Each structure stands twice: as structure tokens, then as C-alpha cells.
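Visitor: Structure in C-alpha cells, see below.
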Amino acid sequence: MATTFTREDATTCFRCDSKPPSFRLISLESFPTEDGALEPDCLAGLFCEECLRIEVDGLCESFAQSRIPLGADESSKGFLARQIGFIVVPILFSQRESELMFEELATDGIETAVN
């Protein structure tokens, strides 16, 4: 199910809590379940341009951890971030922009080239 925000949530950046957000960041990560398995899930947040850079830098750092198995000292309450991927979109974008984005995400992006 898609993440929704209240009007109150959307008035300020999730990181600095002072500037109005301009972008939605959608993050796909692996989280530990109660039985110790890793399961993918999505998180979403609203960020101003300045804070978006900081947030993206942090997400990029956690890509290296994506293949690390769940450690004995990790649980659903405390664990390493395991980044699978993320996408950044403007908060407001047109129906056509949305369709183009969905079309891109709906394919694996690999085509066979014919000479």
C-alpha cells in the first residue's frame, strides 16, 4: 500500500522540520522480520532540496550493506540499513510525468540490440 501523508505532515521537511518540502523520496530497503528473515519494504519521506542531498548520501552509503545477512546482534528493533534502491520525485508532478515514471519502473530496462 502506498504511503500517504496528512496535510500537516506535508508542510515541512521530514529532516529539518522547518523548510517546505519539494521532493518525495521513496526508499526500498530490507528489514528484519520477527523470525530473523530479511524482507523488502518501502519507506517514503518529504524533503527540502538541501536535506534531500544529505538523505541521498546516507542511502548511498547503505547500499554496501544490502547483501550482508542478518547478524546475531540484530533484530527488528535494531539493525543495519540494507538499501535496495530509491527514487526521488517532485512532490507535484503531472499525470504524464507519472505515467512515464511508472512505465520506466514497470520494465527491467534491458533490451536485446539487433545489428
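Labels used: A, B, ... for chains in the order of the C-alpha cells, numbers from 1 for residues in each chain, and numbers from 1 for ligands as shown.
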Where does segment 13-45 of chain A meet segment 59-72 of chain A within 9 Å, residue by residue, with the nearest atom pair and distance in Å to one decimal for each, counting only C-alpha atoms, listed by chain and rising number, as a Markdown table?
Guide:
| residue | atom | partner | partner_atom | distance |
| --- | --- | --- | --- | --- |
| A:Ser27 | CA | A:Leu59 | CA | 8.3 |
| A:Glu29 | CA | A:Ser66 | CA | 8.1 |
| A:Ser30 | CA | A:Ser66 | CA | 7.5 |
| A:Pro32 | CA | A:Leu70 | CA | 7.3 |
| A:Gly36 | CA | A:Leu70 | CA | 7.1 |
| A:Ala37 | CA | A:Leu70 | CA | 7.4 |
| A:Leu38 | CA | A:Leu70 | CA | 7.1 |
Visitor: Determine which residues of chain A receive a DSSP assignment of helix (DSSP H, G or I), computed from the backbone, and state them as a ChimeraX atom specification.
Guide: /A:9-11,49-65,95-105
Visitor: Report as a PDB file with C-alpha atoms, in the first residue's frame all protein, DNA and RNA residues lying within 12 Å of segment 96-113 of chain A, evaluated on only C-alpha atoms, omitting residues in the same chain fewer than 5 positions from it.
Guide:
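Ended up saving to out_13.pdb:
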ATOM      1  CA  GLY A  85      17.065   1.183  -4.216  1.00  0.00           C
ATOM      2  CA  PHE A  86      15.400   4.557  -4.086  1.00  0.00           C
ATOM      3  CA  ILE A  87      13.663   7.066  -6.294  1.00  0.00           C
ATOM      4  CA  VAL A  88      13.246  10.817  -5.914  1.00  0.00           C
ATOM      5  CA  VAL A  89      10.295  12.614  -7.479  1.00  0.00           C
ATOM      6  CA  PRO A  90       8.979  16.139  -7.119  1.00  0.00           C
ATOM      7  CA  ILE A  91       6.025  16.414  -4.756  1.00  0.00           C
TER       8      ILE A  91
END
Visitor: Quick one: pull the distance between atom CA of Cys51 of chain A and atom CA of Phe14 of chain A, Å, one decimal.
Guide: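 Going from atom CA of Cys51 of chain A over to atom CA of Phe14 of chain A covers 8.7 Å.
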Visitor: Please report the interatomic distance between atom CA of Glu39 of chain A and atom CA of Asp73 of chain A in Å with one decimal.
Guide: 17.4 Å
Visitor: What is the atom CA of Leu46 of chain A-atom CA of Thr33 of chain A distance in Å, reported with one decimal?
Guide: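 Computed distance, atom CA of Leu46 of chain A to atom CA of Thr33 of chain A, equals 25.8 Å.
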Visitor: From chain A, collect each residue whose DSSP state is strand (DSSP E) and return the set as a tab-separated table (two decimals) with N, CA, C and O atoms, in the first residue's frame.
Guide:
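Heads up, here's the output in part_32.tsv:
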chain	number	residue	atom	x	y	z
A	23	PHE	N	10.46	17.50	-2.56
A	23	PHE	CA	10.62	16.17	-3.16
A	23	PHE	C	10.09	15.07	-2.25
A	23	PHE	O	10.14	15.18	-1.03
A	24	ARG	N	9.63	14.01	-2.88
A	24	ARG	CA	9.29	12.78	-2.18
A	24	ARG	C	10.40	11.79	-2.48
A	24	ARG	O	10.76	11.57	-3.64
A	25	LEU	N	10.94	11.20	-1.44
A	25	LEU	CA	11.96	10.17	-1.58
A	25	LEU	C	11.31	8.84	-1.19
A	25	LEU	O	10.75	8.73	-0.10
A	26	ILE	N	11.35	7.89	-2.10
A	26	ILE	CA	10.79	6.56	-1.85
A	26	ILE	C	11.96	5.59	-1.80
A	26	ILE	O	12.76	5.51	-2.73
A	27	SER	N	12.06	4.89	-0.70
A	27	SER	CA	13.21	4.04	-0.44
A	27	SER	C	12.77	2.59	-0.29
A	27	SER	O	11.86	2.28	0.48
A	28	LEU	N	13.43	1.69	-1.02
A	28	LEU	CA	13.19	0.26	-0.91
A	28	LEU	C	14.33	-0.34	-0.11
A	28	LEU	O	15.49	-0.22	-0.50
A	29	GLU	N	14.01	-0.94	1.03
A	29	GLU	CA	15.03	-1.47	1.94
A	29	GLU	C	14.61	-2.85	2.44
A	29	GLU	O	13.44	-3.20	2.39
A	30	SER	N	15.58	-3.61	2.91
A	30	SER	CA	15.30	-4.89	3.56
A	30	SER	C	15.28	-4.68	5.07
A	30	SER	O	16.19	-4.08	5.63
A	31	PHE	N	14.24	-5.19	5.69
A	31	PHE	CA	14.07	-5.09	7.14
A	31	PHE	C	13.95	-6.47	7.74
A	31	PHE	O	13.36	-7.37	7.14
A	32	PRO	N	14.48	-6.67	8.95
A	32	PRO	CA	14.34	-7.98	9.59
A	32	PRO	C	12.91	-8.20	10.11
A	32	PRO	O	12.29	-7.28	10.63
A	38	LEU	N	15.09	-11.42	6.29
A	38	LEU	CA	15.08	-10.08	5.73
A	38	LEU	C	13.98	-9.98	4.69
A	38	LEU	O	13.86	-10.84	3.81
A	39	GLU	N	13.16	-8.94	4.79
A	39	GLU	CA	12.03	-8.77	3.90
A	39	GLU	C	12.02	-7.35	3.35
A	39	GLU	O	12.21	-6.40	4.10
A	40	PRO	N	11.79	-7.17	2.03
A	40	PRO	CA	11.78	-5.82	1.47
A	40	PRO	C	10.53	-5.04	1.90
A	40	PRO	O	9.46	-5.62	2.08
A	41	ASP	N	10.71	-3.74	2.06
A	41	ASP	CA	9.60	-2.85	2.37
A	41	ASP	C	9.95	-1.46	1.88
A	41	ASP	O	11.11	-1.16	1.64
A	42	CYS	N	8.94	-0.63	1.70
A	42	CYS	CA	9.14	0.74	1.22
A	42	CYS	C	8.92	1.74	2.34
A	42	CYS	O	8.04	1.56	3.18
A	43	LEU	N	9.74	2.79	2.32
A	43	LEU	CA	9.57	3.94	3.18
A	43	LEU	C	9.46	5.16	2.28
A	43	LEU	O	10.01	5.16	1.18
A	44	ALA	N	8.78	6.18	2.73
A	44	ALA	CA	8.69	7.41	1.95
A	44	ALA	C	8.79	8.60	2.88
A	44	ALA	O	8.38	8.53	4.04
A	45	GLY	N	9.39	9.66	2.37
A	45	GLY	CA	9.50	10.88	3.15
A	45	GLY	C	9.51	12.09	2.25
A	45	GLY	O	9.74	11.99	1.04
A	46	LEU	N	9.23	13.24	2.82
A	46	LEU	CA	9.19	14.50	2.09
A	46	LEU	C	10.35	15.37	2.56
A	46	LEU	O	10.55	15.55	3.76
A	47	PHE	N	11.13	15.89	1.59
A	47	PHE	CA	12.36	16.60	1.92
A	47	PHE	C	12.51	17.88	1.12
A	47	PHE	O	12.12	17.94	-0.05
A	82	ARG	N	19.67	-1.74	5.07
A	82	ARG	CA	20.03	-2.51	3.88
A	82	ARG	C	19.27	-1.94	2.69
A	82	ARG	O	18.15	-2.34	2.40
A	83	GLN	N	19.91	-1.00	2.01
A	83	GLN	CA	19.30	-0.28	0.91
A	83	GLN	C	19.26	-1.13	-0.34
A	83	GLN	O	20.28	-1.68	-0.75
A	84	ILE	N	18.09	-1.23	-0.96
A	84	ILE	CA	17.95	-1.95	-2.23
A	84	ILE	C	17.91	-0.94	-3.38
A	84	ILE	O	18.53	-1.12	-4.40
A	85	GLY	N	17.18	0.15	-3.18
A	85	GLY	CA	17.06	1.18	-4.22
A	85	GLY	C	16.23	2.34	-3.70
A	85	GLY	O	15.61	2.26	-2.65
A	86	PHE	N	16.25	3.42	-4.45
A	86	PHE	CA	15.40	4.56	-4.09
A	86	PHE	C	15.09	5.38	-5.33
A	86	PHE	O	15.75	5.26	-6.36
A	87	ILE	N	14.07	6.18	-5.22
A	87	ILE	CA	13.66	7.07	-6.29
A	87	ILE	C	13.29	8.40	-5.67
A	87	ILE	O	12.76	8.45	-4.55
A	88	VAL	N	13.59	9.47	-6.37
A	88	VAL	CA	13.25	10.82	-5.91
A	88	VAL	C	12.36	11.43	-6.98
A	88	VAL	O	12.70	11.42	-8.17
A	89	VAL	N	11.21	11.94	-6.56
A	89	VAL	CA	10.30	12.61	-7.48
A	89	VAL	C	9.85	13.93	-6.85
A	89	VAL	O	9.81	14.06	-5.62
A	90	PRO	N	9.51	14.91	-7.68
A	90	PRO	CA	8.98	16.14	-7.12
A	90	PRO	C	7.64	15.85	-6.44
A	90	PRO	O	6.93	14.91	-6.83
Visitor: Given the choices A:Thr4, A:Ser75, A:Thr11, A:Gln95, which gets closest to Asp35 of chain A if the distance is worked out from only C-alpha atoms?
Guide: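 Distance minimum relative to Asp35 of chain A lands on A:Ser75.
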Visitor: Show me, as a ChimeraX atom specification, the residues that have an atom within 6 Å of Cys13 of chain A when counting only C-alpha atoms, minus same-chain residues fewer than 4 positions from it.
Guide: /A:17,19-21,46-48
